[in-house]
$ cat final-v1.cif   # mmCIF, C-alpha atoms
data_upload
loop_
_atom_site.label_atom_id
_atom_site.label_comp_id
_atom_site.auth_asym_id
_atom_site.auth_seq_id
_atom_site.Cartn_x
_atom_site.Cartn_y
_atom_site.Cartn_z
CA MET A 147 -0.83 -43.64 28.47
CA ALA A 148 -0.62 -43.52 24.71
CA SER A 149 1.12 -46.34 22.95
CA ILE A 150 4.66 -45.88 21.76
CA ARG A 151 3.64 -45.84 18.14
CA GLU A 152 0.99 -43.18 18.76
CA MET A 153 3.56 -41.04 20.48
CA ARG A 154 5.99 -41.39 17.62
CA ASN A 155 3.30 -40.28 15.15
CA ARG A 156 2.41 -37.32 17.29
CA ILE A 157 6.03 -36.17 17.47
CA ARG A 158 6.34 -36.48 13.73
CA SER A 159 3.19 -34.43 13.05
CA ILE A 160 4.26 -31.67 15.43
CA LYS A 161 7.65 -31.56 13.74
CA ASN A 162 5.88 -31.01 10.42
CA LEU A 163 3.79 -28.29 11.96
CA ALA A 164 6.85 -26.53 13.33
CA GLN A 165 8.35 -26.62 9.86
CA VAL A 166 5.27 -24.99 8.36
CA THR A 167 5.08 -22.23 10.97
CA LYS A 168 8.80 -21.60 10.57
CA ALA A 169 8.32 -21.22 6.81
CA LEU A 170 5.39 -18.83 7.31
CA GLU A 171 7.53 -16.80 9.67
CA THR A 172 10.27 -16.41 7.07
CA VAL A 173 7.80 -15.48 4.35
CA SER A 174 6.16 -12.86 6.56
CA ALA A 175 9.53 -11.35 7.44
CA SER A 176 10.31 -10.75 3.78
CA LYS A 177 6.84 -9.33 3.17
CA VAL A 178 7.28 -6.86 6.02
CA ARG A 179 10.43 -5.61 4.35
CA ARG A 180 8.72 -5.26 0.97
CA ALA A 181 5.76 -3.40 2.43
CA ILE A 182 8.05 -0.99 4.28
CA ALA A 183 10.08 -0.39 1.14
CA ALA A 184 6.91 0.41 -0.82
CA TYR A 185 5.77 2.67 1.99
CA SER A 186 8.95 4.71 2.05
CA GLN A 187 8.78 5.09 -1.73
CA THR A 188 5.59 7.10 -1.29
CA ARG A 189 7.18 9.60 1.06
CA PRO A 190 8.66 12.01 -1.54
CA TYR A 191 5.30 12.46 -3.24
CA ALA A 192 3.44 12.76 0.05
CA GLU A 193 5.78 15.43 1.37
CA LYS A 194 5.74 17.48 -1.80
CA ALA A 195 2.00 17.20 -2.24
CA TRP A 196 1.44 18.18 1.38
CA LYS A 197 3.65 21.23 0.95
CA LEU A 198 1.71 22.34 -2.12
CA LEU A 199 -1.58 21.62 -0.49
CA LEU A 200 -0.74 23.70 2.56
CA HIS A 201 0.33 26.52 0.33
CA LEU A 202 -2.92 26.41 -1.64
CA ALA A 203 -5.14 25.83 1.37
CA ARG A 204 -3.67 28.77 3.27
CA GLN A 205 -4.55 31.25 0.58
CA PRO A 206 -7.26 33.55 1.87
CA GLY A 207 -10.72 32.12 1.43
CA ALA A 208 -9.50 28.66 0.46
CA GLU A 209 -11.75 26.91 2.92
CA SER A 210 -14.81 28.10 1.11
CA LEU A 211 -13.07 27.56 -2.20
CA HIS A 212 -13.14 23.81 -2.10
CA PRO A 213 -15.81 21.47 -0.71
CA LEU A 214 -13.18 18.93 0.42
CA LEU A 215 -11.83 21.55 2.82
CA THR A 216 -15.19 22.73 4.12
CA ARG A 217 -16.30 21.63 7.55
CA ARG A 218 -19.98 20.88 7.97
CA GLU A 219 -22.05 21.70 11.02
CA GLY A 220 -23.98 19.17 13.08
CA ASN A 221 -23.75 15.42 13.54
CA GLY A 222 -24.08 14.18 10.00
CA PRO A 223 -23.37 10.56 9.08
CA VAL A 224 -19.78 9.35 9.32
CA LEU A 225 -17.92 6.96 7.03
CA VAL A 226 -15.08 4.83 8.38
CA ILE A 227 -12.62 2.98 6.17
CA LEU A 228 -11.48 -0.02 8.18
CA VAL A 229 -8.24 -1.69 7.07
CA SER A 230 -7.84 -5.32 8.14
CA SER A 231 -6.31 -8.35 6.44
CA ASP A 232 -7.70 -11.03 4.14
CA ARG A 233 -6.09 -13.85 6.04
CA GLY A 234 -5.85 -14.78 9.68
CA LEU A 235 -2.97 -16.48 11.50
CA ALA A 236 -1.74 -13.07 12.56
CA GLY A 237 -2.32 -13.17 16.29
CA ALA A 238 -4.65 -10.47 17.56
CA TYR A 239 -4.00 -8.17 14.59
CA ASN A 240 -7.54 -8.11 13.16
CA VAL A 241 -9.31 -8.24 16.51
CA ASN A 242 -7.30 -5.28 17.77
CA ILE A 243 -8.05 -2.93 14.92
CA VAL A 244 -11.75 -3.80 14.75
CA ARG A 245 -12.17 -3.42 18.49
CA TYR A 246 -10.27 -0.12 18.48
CA ALA A 247 -12.38 1.29 15.65
CA LEU A 248 -15.66 0.22 17.25
CA GLN A 249 -14.60 1.73 20.55
CA THR A 250 -13.60 5.02 18.95
CA PHE A 251 -16.93 5.45 17.22
CA ARG A 252 -19.14 4.00 19.95
CA ASP A 253 -19.87 7.38 21.49
CA PHE A 254 -20.51 9.15 18.21
CA GLU A 255 -23.98 10.57 18.08
CA SER A 256 -24.07 10.38 14.33
CA GLN A 257 -24.76 7.36 12.23
CA VAL A 258 -21.57 5.41 11.39
CA SER A 259 -21.10 3.30 8.26
CA TYR A 260 -18.06 1.31 7.23
CA VAL A 261 -16.01 0.59 4.14
CA SER A 262 -14.03 -2.54 4.83
CA VAL A 263 -10.66 -3.31 3.30
CA GLY A 264 -9.84 -6.96 3.98
CA LYS A 265 -12.14 -9.94 4.53
CA LYS A 266 -11.47 -10.49 8.21
CA GLY A 267 -12.62 -7.04 9.20
CA GLU A 268 -15.67 -7.35 7.00
CA THR A 269 -16.88 -10.56 8.65
CA MET A 270 -16.28 -9.13 12.10
CA LEU A 271 -18.30 -6.01 11.24
CA LEU A 272 -21.08 -8.09 9.75
CA ARG A 273 -21.22 -10.26 12.85
CA ARG A 274 -21.70 -7.12 14.90
CA ARG A 275 -24.39 -5.91 12.50
CA ARG A 276 -22.70 -2.73 11.34
CA THR A 277 -23.65 -1.06 8.10
CA ILE A 278 -21.12 -1.76 5.39
CA LEU A 279 -21.21 0.54 2.40
CA ALA A 280 -18.62 -1.36 0.41
CA GLY A 281 -16.02 -4.07 0.88
CA PHE A 282 -12.62 -4.34 -0.77
CA ALA A 283 -10.74 -7.61 -0.59
CA ASP A 284 -8.03 -9.57 -2.37
CA LEU A 285 -5.66 -6.68 -2.88
CA PRO A 286 -2.32 -7.82 -4.28
CA PRO A 287 0.31 -8.70 -1.63
CA ILE A 288 2.03 -5.37 -2.18
CA PRO A 289 -0.56 -3.17 -3.89
CA ARG A 290 0.37 -0.37 -6.23
CA PHE A 291 -1.26 3.02 -6.01
CA VAL A 292 -3.75 2.22 -8.78
CA ASP A 293 -4.95 -0.86 -6.89
CA CYS A 294 -6.11 1.33 -4.02
CA ALA A 295 -7.30 4.35 -6.01
CA ALA A 296 -10.90 3.10 -6.14
CA ILE A 297 -11.20 3.28 -2.35
CA GLY A 298 -10.24 6.95 -2.39
CA GLN A 299 -12.61 7.69 -5.24
CA LEU A 300 -15.47 6.09 -3.36
CA ALA A 301 -14.72 8.04 -0.19
CA ILE A 302 -14.47 11.34 -2.05
CA SER A 303 -17.63 10.88 -4.08
CA GLU A 304 -19.61 9.82 -1.00
CA PHE A 305 -18.35 12.87 0.84
CA LEU A 306 -19.00 15.29 -2.01
CA SER A 307 -22.48 13.95 -2.69
CA GLY A 308 -23.37 14.83 0.90
CA HIS A 309 -24.16 11.29 2.06
CA TYR A 310 -21.45 11.57 4.68
CA ASP A 311 -20.16 14.60 6.52
CA GLN A 312 -16.88 13.12 7.71
CA VAL A 313 -14.60 10.33 6.53
CA PHE A 314 -12.12 8.52 8.78
CA ILE A 315 -9.63 5.74 8.22
CA ALA A 316 -8.88 3.08 10.85
CA TYR A 317 -5.68 1.11 10.29
CA THR A 318 -2.76 -0.40 12.14
CA GLU A 319 0.34 1.73 12.02
CA PHE A 320 3.65 -0.04 11.75
CA ILE A 321 6.08 1.24 14.36
CA SER A 322 8.54 -1.63 14.62
CA MET A 323 8.67 -5.37 14.13
CA LEU A 324 7.38 -5.78 17.67
CA ARG A 325 5.04 -2.82 17.88
CA GLN A 326 2.03 -1.98 15.75
CA GLU A 327 -0.64 0.40 16.93
CA PRO A 328 -4.23 0.82 15.84
CA ARG A 329 -4.98 4.36 14.68
CA VAL A 330 -7.96 6.37 13.53
CA ARG A 331 -7.34 9.40 11.33
CA LYS A 332 -9.65 11.92 9.77
CA LEU A 333 -9.45 12.03 5.99
CA LEU A 334 -12.24 14.42 5.03
CA PRO A 335 -12.86 17.26 5.28
CA LEU A 336 -9.17 17.78 4.98
CA GLU A 337 -7.87 19.94 7.80
CA PRO A 338 -4.60 21.70 7.02
CA GLU A 339 -3.81 21.89 10.75
CA ILE A 340 -3.56 18.12 11.10
CA VAL A 341 -0.22 16.86 9.87
CA PRO A 342 -0.63 13.55 8.07
CA MET A 343 1.37 10.51 9.06
CA ASP A 344 5.12 11.06 9.23
CA VAL A 345 5.23 13.97 6.84
CA HIS A 346 7.59 16.52 8.29
CA SER A 347 5.78 19.77 8.52
CA PRO A 348 8.12 22.54 9.75
CA GLU A 349 10.61 22.31 6.91
CA ALA A 350 7.78 21.46 4.54
CA THR A 351 6.13 24.84 4.84
CA HIS A 352 6.29 26.83 1.71
CA PRO A 353 8.12 30.10 1.17
CA THR A 354 4.92 32.10 1.23
CA HIS A 355 6.60 35.24 -0.01
CA ALA A 356 6.95 33.76 -3.48
CA VAL A 357 4.14 34.93 -5.73
CA PHE A 358 2.99 32.06 -7.86
CA THR A 359 1.33 32.09 -11.21
CA TYR A 360 -1.48 29.55 -11.24
CA GLU A 361 -2.35 27.63 -14.34
CA PRO A 362 -5.24 27.17 -14.85
CA GLY A 363 -6.46 28.66 -11.54
CA HIS A 364 -6.17 28.29 -7.84
CA THR A 365 -9.43 26.36 -7.44
CA GLU A 366 -8.76 24.03 -10.35
CA LEU A 367 -5.38 23.17 -8.89
CA LEU A 368 -6.95 22.39 -5.54
CA ASN A 369 -9.40 20.25 -7.46
CA GLU A 370 -6.48 18.30 -8.89
CA ILE A 371 -4.43 17.88 -5.78
CA LEU A 372 -6.99 17.28 -3.02
CA PRO A 373 -8.46 14.01 -4.31
CA ARG A 374 -4.99 12.72 -5.12
CA PHE A 375 -3.77 13.53 -1.67
CA THR A 376 -6.70 11.80 0.00
CA SER A 377 -6.17 8.69 -2.11
CA LEU A 378 -2.50 8.77 -1.29
CA GLN A 379 -3.20 8.92 2.43
CA ILE A 380 -5.41 5.86 2.08
CA TYR A 381 -2.74 4.09 0.06
CA ARG A 382 -0.06 4.82 2.64
CA SER A 383 -2.32 3.69 5.48
CA ILE A 384 -2.94 0.43 3.66
CA LEU A 385 0.79 -0.15 3.12
CA SER A 386 1.49 0.55 6.78
CA ALA A 387 -1.31 -1.84 7.74
CA ILE A 388 0.13 -4.54 5.47
CA ALA A 389 3.53 -4.17 7.11
CA SER A 390 1.82 -4.46 10.51
CA GLU A 391 -0.14 -7.51 9.43
CA HIS A 392 2.95 -9.38 8.36
CA ALA A 393 4.90 -8.31 11.43
CA ALA A 394 2.05 -9.58 13.63
CA ARG A 395 1.94 -12.83 11.69
CA MET A 396 5.68 -13.20 11.98
CA VAL A 397 5.56 -12.90 15.76
CA ALA A 398 2.56 -15.23 15.99
CA MET A 399 4.32 -17.82 13.86
CA ARG A 400 7.53 -17.51 15.83
CA ASN A 401 5.60 -18.21 19.02
CA ALA A 402 3.90 -21.16 17.39
CA THR A 403 7.25 -22.57 16.30
CA GLU A 404 8.66 -22.18 19.78
CA ASN A 405 5.63 -23.83 21.36
CA ALA A 406 5.91 -26.70 18.92
CA ARG A 407 9.58 -27.16 19.79
CA GLU A 408 8.79 -27.23 23.51
CA LEU A 409 6.08 -29.76 22.89
CA ILE A 410 8.48 -31.90 20.88
CA THR A 411 11.05 -31.88 23.68
CA ALA A 412 8.42 -32.90 26.25
CA LEU A 413 6.98 -35.60 24.04
CA GLN A 414 10.39 -36.90 23.11
CA LEU A 415 11.18 -37.28 26.81
CA ASP A 416 7.94 -39.17 27.42
CA TYR A 417 8.56 -41.29 24.39
CA ASN A 418 12.09 -42.20 25.53
CA LYS A 419 10.81 -43.07 28.98
CA ALA A 420 8.06 -45.23 27.61
CA ARG A 421 10.48 -46.96 25.27
CA GLN A 422 12.95 -47.60 28.05
CA GLN A 423 10.21 -48.90 30.25
CA SER A 424 9.03 -51.34 27.65
CA ILE A 425 12.59 -52.54 27.11
CA THR A 426 13.07 -52.96 30.85
CA SER A 427 9.88 -54.94 31.19
CA ASP A 428 10.84 -57.10 28.20
CA MET A 429 14.20 -57.77 29.85
CA LEU A 430 12.49 -58.64 33.10
CA ASP A 431 10.23 -61.06 31.27
CA ILE A 432 13.16 -62.73 29.60
CA SER A 433 15.26 -63.02 32.72
CA ALA A 434 12.29 -64.24 34.74
CA GLY A 435 11.62 -66.82 32.05
CA ALA A 436 15.25 -67.88 32.01
CA GLU A 437 15.34 -68.16 35.76
CA ALA A 438 12.16 -70.25 35.80
CA LEU A 439 13.64 -72.45 33.12
CA ALA A 440 16.87 -72.89 35.06
CA LYS A 441 14.95 -73.71 38.21
CA SER A 442 12.83 -76.33 36.48
CA MET A 443 15.95 -77.89 34.93
CA VAL A 444 17.61 -78.15 38.34
CA GLU A 445 14.51 -79.81 39.73
CA ALA A 446 14.39 -82.23 36.84
CA GLU A 447 17.99 -83.25 37.46
CA ARG A 448 17.14 -84.15 41.03
CA MET B 98 23.33 27.17 -13.99
CA PRO B 99 21.20 24.03 -14.27
CA ILE B 100 17.75 23.64 -12.80
CA ARG B 101 16.96 20.85 -10.36
CA CYS B 102 14.28 18.52 -11.66
CA GLU B 103 12.33 15.92 -9.73
CA ILE B 104 9.58 13.74 -11.10
CA VAL B 105 7.74 11.76 -8.44
CA SER B 106 4.71 9.54 -8.78
CA GLN B 107 2.60 8.30 -5.87
CA ASP B 108 4.58 5.12 -5.48
CA ARG B 109 8.14 6.07 -6.43
CA VAL B 110 10.67 8.68 -7.49
CA VAL B 111 10.83 8.46 -11.28
CA PHE B 112 13.58 10.96 -11.94
CA SER B 113 15.78 13.22 -9.90
CA GLY B 114 18.66 15.23 -11.32
CA ASP B 115 19.82 18.44 -12.94
CA ALA B 116 18.60 19.74 -16.27
CA ASP B 117 19.23 22.65 -18.61
CA ILE B 118 15.62 22.74 -19.72
CA VAL B 119 12.48 20.84 -18.78
CA ILE B 120 9.54 20.72 -21.19
CA LEU B 121 6.18 20.08 -19.54
CA PRO B 122 2.77 19.22 -21.02
CA GLY B 123 0.77 21.89 -19.18
CA VAL B 124 -3.01 21.94 -19.45
CA GLU B 125 -2.74 25.24 -21.26
CA GLY B 126 0.00 24.16 -23.61
CA GLU B 127 3.53 22.85 -23.66
CA MET B 128 5.99 24.92 -21.75
CA GLY B 129 9.76 24.92 -21.58
CA ILE B 130 11.12 25.69 -18.15
CA LEU B 131 14.57 27.27 -18.00
CA PRO B 132 16.50 28.13 -14.84
CA ASN B 133 15.24 31.25 -13.09
CA HIS B 134 11.69 30.75 -14.22
CA ALA B 135 9.08 32.69 -12.27
CA PRO B 136 7.26 30.66 -9.59
CA LEU B 137 4.43 28.75 -11.21
CA LEU B 138 1.96 26.04 -10.34
CA THR B 139 0.36 24.21 -13.20
CA ALA B 140 -1.79 21.18 -13.82
CA LEU B 141 -0.50 18.72 -16.41
CA ARG B 142 -2.33 16.73 -19.06
CA TYR B 143 -1.51 13.39 -20.68
CA GLY B 144 1.77 13.86 -22.43
CA ILE B 145 5.51 13.71 -22.41
CA ILE B 146 8.03 15.45 -20.21
CA ILE B 147 11.39 16.13 -21.81
CA VAL B 148 14.43 16.68 -19.61
CA ARG B 149 17.45 17.98 -21.49
CA LYS B 150 20.92 18.21 -20.09
CA GLN B 151 23.99 19.06 -22.17
CA GLY B 152 22.34 17.96 -25.38
CA GLU B 153 21.15 14.65 -23.95
CA GLU B 154 17.44 14.17 -23.62
CA GLN B 155 15.34 11.92 -21.46
CA TYR B 156 11.64 11.36 -22.06
CA PHE B 157 8.93 10.50 -19.58
CA THR B 158 5.29 9.74 -20.20
CA VAL B 159 2.94 11.27 -17.67
CA ALA B 160 -0.79 10.70 -17.22
CA GLY B 161 -1.56 14.09 -15.75
CA GLY B 162 -0.49 15.63 -12.49
CA ILE B 163 0.78 18.90 -11.11
CA ALA B 164 4.07 20.73 -11.55
CA GLU B 165 5.57 23.28 -9.24
CA VAL B 166 8.18 25.59 -10.70
CA GLN B 167 10.60 27.59 -8.59
CA PRO B 168 13.56 29.59 -9.92
CA ASP B 169 15.97 26.78 -9.09
CA GLN B 170 13.78 23.69 -9.31
CA VAL B 171 10.94 21.91 -11.05
CA THR B 172 8.91 19.39 -9.10
CA VAL B 173 6.46 17.20 -10.96
CA LEU B 174 3.82 15.35 -8.96
CA ALA B 175 2.87 12.90 -11.64
CA ASP B 176 0.13 10.31 -11.99
CA ALA B 177 1.84 7.20 -13.29
CA ALA B 178 5.05 8.51 -14.82
CA GLU B 179 7.50 6.30 -16.69
CA ASN B 180 10.80 6.72 -18.43
CA VAL B 181 10.27 5.94 -22.11
CA MET B 182 13.14 3.47 -21.99
CA GLU B 183 11.33 1.49 -19.28
CA ILE B 184 8.10 1.01 -21.18
CA ASN B 185 7.22 -2.59 -21.94
CA VAL B 186 6.02 -2.45 -25.54
CA GLN B 187 4.38 -5.88 -25.58
CA ARG B 188 2.40 -5.09 -22.49
CA ALA B 189 1.26 -1.73 -23.80
CA GLU B 190 0.21 -3.32 -27.10
CA ALA B 191 -1.66 -6.09 -25.34
CA ALA B 192 -3.43 -3.58 -23.12
CA LYS B 193 -4.39 -1.52 -26.14
CA ARG B 194 -5.81 -4.53 -28.00
CA ARG B 195 -7.73 -5.60 -24.92
CA ALA B 196 -9.27 -2.18 -24.45
CA GLU B 197 -10.19 -1.90 -28.13
CA GLU B 198 -11.84 -5.31 -28.18
CA MET B 199 -13.85 -4.51 -25.11
CA LEU B 200 -14.97 -1.23 -26.60
CA LYS B 201 -16.03 -2.97 -29.82
CA LYS B 202 -18.36 -5.22 -27.84
CA GLY B 203 -20.48 -2.17 -27.34
CA ILE B 204 -20.37 -1.04 -23.77
CA PRO B 205 -22.93 1.66 -23.02
CA GLU B 206 -21.38 5.09 -23.03
CA GLU B 207 -21.50 7.09 -19.83
CA SER B 208 -20.89 3.91 -17.79
CA ASP B 209 -17.90 3.70 -15.45
CA GLU B 210 -16.47 0.80 -17.37
CA TYR B 211 -16.61 2.77 -20.61
CA PHE B 212 -14.62 5.61 -19.13
CA GLU B 213 -12.13 3.23 -17.60
CA LEU B 214 -11.57 1.56 -20.95
CA GLN B 215 -11.20 4.90 -22.66
CA ALA B 216 -8.61 5.89 -20.09
CA ALA B 217 -6.76 2.59 -20.53
CA LEU B 218 -6.76 3.08 -24.27
CA ARG B 219 -5.44 6.58 -23.92
CA ARG B 220 -2.67 5.40 -21.62
CA SER B 221 -1.50 2.64 -23.93
CA ASN B 222 -1.68 4.93 -26.95
CA LEU B 223 0.45 7.48 -25.15
CA ARG B 224 2.99 4.83 -24.21
CA LEU B 225 3.23 3.35 -27.68
CA GLU B 226 3.45 6.71 -29.34
CA ALA B 227 6.16 7.78 -26.93
CA VAL B 228 8.15 4.65 -27.61
CA GLN B 229 7.91 5.12 -31.35
CA ARG B 230 8.86 8.73 -31.29
CA TYR B 231 11.53 8.83 -28.67
CA ARG B 232 13.16 5.49 -28.15
CA GLN B 233 14.88 5.49 -31.52
CA ARG B 234 16.03 9.02 -30.93
CA VAL B 235 17.61 8.09 -27.61
CA GLN B 236 19.30 5.06 -29.13
CA ARG B 237 20.64 7.12 -32.01
CA GLU B 238 22.01 9.68 -29.61
CA ARG B 239 23.71 7.01 -27.58
CA ARG B 240 25.41 5.56 -30.66
CA GLU B 241 26.76 8.93 -31.65
#

$ encode --input "final-v1.cif" --output "structure tokens"
Amino acid sequence: MASIREMRNRIRSIKNLAQVTKALETVSASKVRRAIAAYSQTRPYAEKAWKLLLHLARQPGAESLHPLLTRREGNGPVLVILVSSDRGLAGAYNVNIVRYALQTFRDFESQVSYVSVGKKGETMLLRRRRTILAGFADLPPIPRFVDCAAIGQLAISEFLSGHYDQVFIAYTEFISMLRQEPRVRKLLPLEPEIVPMDVHSPEATHPTHAVFTYEPGHTELLNEILPRFTSLQIYRSILSAIASEHAARMVAMRNATENARELITALQLDYNKARQQSITSDMLDISAGAEALAKSMVEAER
Amino acid sequence: MPIRCEIVSQDRVVFSGDADIVILPGVEGEMGILPNHAPLLTALRYGIIIVRKQGEEQYFTVAGGIAEVQPDQVTVLADAAENVMEINVQRAEAAKRRAEEMLKKGIPEESDEYFELQAALRRSNLRLEAVQRYRQRVQRERRE
């Protein structure tokens, strides 16, 4: 059994640890809120842009009008944007999304390359020897749209240049503080039938009877709106993933704090026992000594 | 009858309210949108959006985007829009100086960095110009 002093030190260090995990939990909770707030700020633009896009894309012949809407035949190479986090300590968050993405694309006959967002995902992909086209890391805690715009530009230019025939994004969708789900969504070619994340479609459909004047032209407008919309989808996915990351970390840290508290209670009990025992044995020593002394004194008197 | 005007950028709603007239920097020229305008979709260029209501004007810088006009509303999907009153002059000036210095160092044209710097310069110029032209006007109007 450990000495009393060792036990005391151990209790103290676990108490410190519990304090740290508790602090991390609080920080993560506030970051979840900020990420969700930023996410909901993007909704007005997303809904309006989606409405316009549907309107433009449903004009006769639109599919052939714009390359970002055109589906390509065959099993051409596929690009996957994988959103993970830069830091760990978030439970199974990173493992889950990487595993889910790999599973989804395992049965693809075409060649699959990755663009990683976040260091953790990048290392996991490298360890599994996947091709990584580009890696983005060290995004600000709550990125603005411009911080993520480069990812969209890369995806669009790779798609347009013909290097890749499809582009997907794999991220963790935030559902609630306790539930986050890995998702894979198709970004390009953009399919007007697929409703993007939580954009309400029925009421968003355009009054098609209105005859619009287009300035400059139909195609040019599609040219303007399609890349923006793709970048926005990436941006929203990243915000949702950030909210998920912090929620996962919050839960992980809460568990760690609870475990530490349990450990402290158990150790404290052991420590008290050990202390009591040592006091008892000291007392026994003293009383035995006293008794021996008394006995020897009685004998001396005789 | 006023026209409903909404200016949204990718990460927030910049303005939402009624207006008597909205002036937009369309790619094919400035256009004033009055209520009951015919349906129109237009791309926007770098410039300034003016929203006027009962003689009071608000100014917004916009770095391009798309506007949708319906008889009863104008929706602007803007890239990086800002109310002129919100612009941080020191930051815009610093950004401008930074971009100019970098350009002076002689970055090869046609490179990505060159275009980025040009864009940054254009943005800060737009901001500063907007502040000079419109902020005083708004302040004067408020005093009166």

$ atom_distance --input "final-v1.cif" --atom1 "CA of Leu200 in chain A" --atom2 "CA of Gly162 in chain B"
17.1 Å

$ closest_residue --input "final-v1.cif" --among "A:Phe320, A:Phe291, A:Phe251, A:Phe282" --to "chain B" --atoms "all atoms listed in the file"
A:Phe291

$ interface_residues --input "final-v1.cif" --of "chain B" --to "chain A" --cutoff "10 Å" --atoms "all atoms listed in the file" --output "count of residues only"
31

$ resolve_selection --input "final-v1.cif" --expression "the PyMOL selection byres ((chain B and resi 169) around 8)" --output "JSON list (two decimals) with C-alpha atoms, in the coordinates of the input"
[["chain", "number", "residue", "atom", "x", "y", "z"],
["B", 99, "PRO", "CA", 21.20, 24.03, -14.27],
["B", 100, "ILE", "CA", 17.75, 23.64, -12.80],
["B", 101, "ARG", "CA", 16.96, 20.85, -10.36],
["B", 132, "PRO", "CA", 16.50, 28.13, -14.84],
["B", 133, "ASN", "CA", 15.24, 31.25, -13.09],
["B", 134, "HIS", "CA", 11.69, 30.75, -14.22],
["B", 167, "GLN", "CA", 10.60, 27.59, -8.59],
["B", 168, "PRO", "CA", 13.56, 29.59, -9.92],
["B", 170, "GLN", "CA", 13.78, 23.69, -9.31],
["B", 171, "VAL", "CA", 10.94, 21.91, -11.05]]

$ atom_distance --input "final-v1.cif" --atom1 "CA of Ala420 in chain A" --atom2 "CA of Met153 in chain A"
9.4 Å

$ closest_residue --input "final-v1.cif" --among "B:Val228, B:Ala116, B:Leu121, B:Val235" --to "Val186 in chain B" --atoms "only C-alpha atoms"
B:Val228

$ atom_distance --input "final-v1.cif" --atom1 "CA of Glu179 in chain B" --atom2 "CA of Tyr231 in chain B"
12.9 Å

$ residues_around --input "final-v1.cif" --residues "Lys332 in chain A" --least-positions-apart "5" --cutoff "9 Å" --atoms "all atoms listed in the file" --output "NGL selection string"
:A and (312-316 or 337 or 340)

$ resolve_selection --input "final-v1.cif" --expression "the PyMOL selection byres ((chain A and resi 168-183) around 10)" --output "PyMOL selection string"
chain A and resi 162-167+184-188+235-236+287-289+320+323+384-404

$ resolve_selection --input "final-v1.cif" --expression "the PyMOL selection byres ((chain B and resi 218) around 9)" --output "short mmCIF file (atom, residue, chain, number, x, y, z; two decimals) with C-alpha atoms, keeping the file's coordinate frame"
data_model
loop_
_atom_site.label_atom_id
_atom_site.label_comp_id
_atom_site.auth_asym_id
_atom_site.auth_seq_id
_atom_site.Cartn_x
_atom_site.Cartn_y
_atom_site.Cartn_z
CA ALA B 192 -3.43 -3.58 -23.12
CA LYS B 193 -4.39 -1.52 -26.14
CA ARG B 194 -5.81 -4.53 -28.00
CA ARG B 195 -7.73 -5.60 -24.92
CA ALA B 196 -9.27 -2.18 -24.45
CA GLU B 197 -10.19 -1.90 -28.13
CA GLU B 213 -12.13 3.23 -17.60
CA LEU B 214 -11.57 1.56 -20.95
CA GLN B 215 -11.20 4.90 -22.66
CA ALA B 216 -8.61 5.89 -20.09
CA ALA B 217 -6.76 2.59 -20.53
CA ARG B 219 -5.44 6.58 -23.92
CA ARG B 220 -2.67 5.40 -21.62
CA SER B 221 -1.50 2.64 -23.93
CA ASN B 222 -1.68 4.93 -26.95
CA LEU B 223 0.45 7.48 -25.15
#

$ residues_around --input "final-v1.cif" --residues "Ala227 in chain B" --least-positions-apart "2" --cutoff "9 Å" --atoms "all atoms listed in the file" --output "list in words"
Gly144, Ile145, Tyr156, Phe157, Thr158, Val181, Asn222, Leu223, Arg224, Leu225, Gln229, Arg230, Tyr231 and Arg232 of chain B

$ axis_aligned_box --input "final-v1.cif" --around "range 159-163 of chain B" --padding-each-side "5 Å" --output "JSON"
{"center_x": 0.7, "center_y": 14.8, "center_z": -14.4, "size_x": 14.5, "size_y": 18.2, "size_z": 16.6}

$ residues_near_point --input "final-v1.cif" --point "(-10.9, 19.5, -0.6)" --cutoff "7 Å" --atoms "all atoms listed in the file" --output "JSON list (two decimals) with C-alpha atoms, in the frame of the given file"
[["chain", "number", "residue", "atom", "x", "y", "z"],
["A", 212, "HIS", "CA", -13.14, 23.81, -2.10],
["A", 213, "PRO", "CA", -15.81, 21.47, -0.71],
["A", 214, "LEU", "CA", -13.18, 18.93, 0.42],
["A", 215, "LEU", "CA", -11.83, 21.55, 2.82],
["A", 335, "PRO", "CA", -12.86, 17.26, 5.28],
["A", 336, "LEU", "CA", -9.17, 17.78, 4.98],
["A", 368, "LEU", "CA", -6.95, 22.39, -5.54],
["A", 372, "LEU", "CA", -6.99, 17.28, -3.02]]

$ residues_around --input "final-v1.cif" --residues "Glu268 in chain A" --least-positions-apart "4" --cutoff "8 Å" --atoms "all atoms listed in the file" --output "MDAnalysis selection string"
chainID A and resid 262:264 272 278 281

$ decode --input "final-v1.cif" --residues "range 212-225 of chain B" --atoms "C-alpha atoms" --output "short mmCIF file (atom, residue, chain, number, x, y, z; two decimals), in the first residue's frame"
data_model
loop_
_atom_site.label_atom_id
_atom_site.label_comp_id
_atom_site.auth_asym_id
_atom_site.auth_seq_id
_atom_site.Cartn_x
_atom_site.Cartn_y
_atom_site.Cartn_z
CA PHE B 212 -4.80 39.26 -57.59
CA GLU B 213 -5.52 38.86 -53.91
CA LEU B 214 -3.63 42.03 -53.12
CA GLN B 215 -5.39 43.89 -55.88
CA ALA B 216 -8.71 42.75 -54.48
CA ALA B 217 -7.71 43.78 -50.96
CA LEU B 218 -6.67 47.17 -52.24
CA ARG B 219 -9.93 47.60 -54.07
CA ARG B 220 -11.89 46.67 -50.97
CA SER B 221 -10.09 49.12 -48.72
CA ASN B 222 -10.34 51.87 -51.31
CA LEU B 223 -14.06 51.30 -51.58
CA ARG B 224 -14.45 51.42 -47.82
CA LEU B 225 -12.41 54.57 -47.37
#
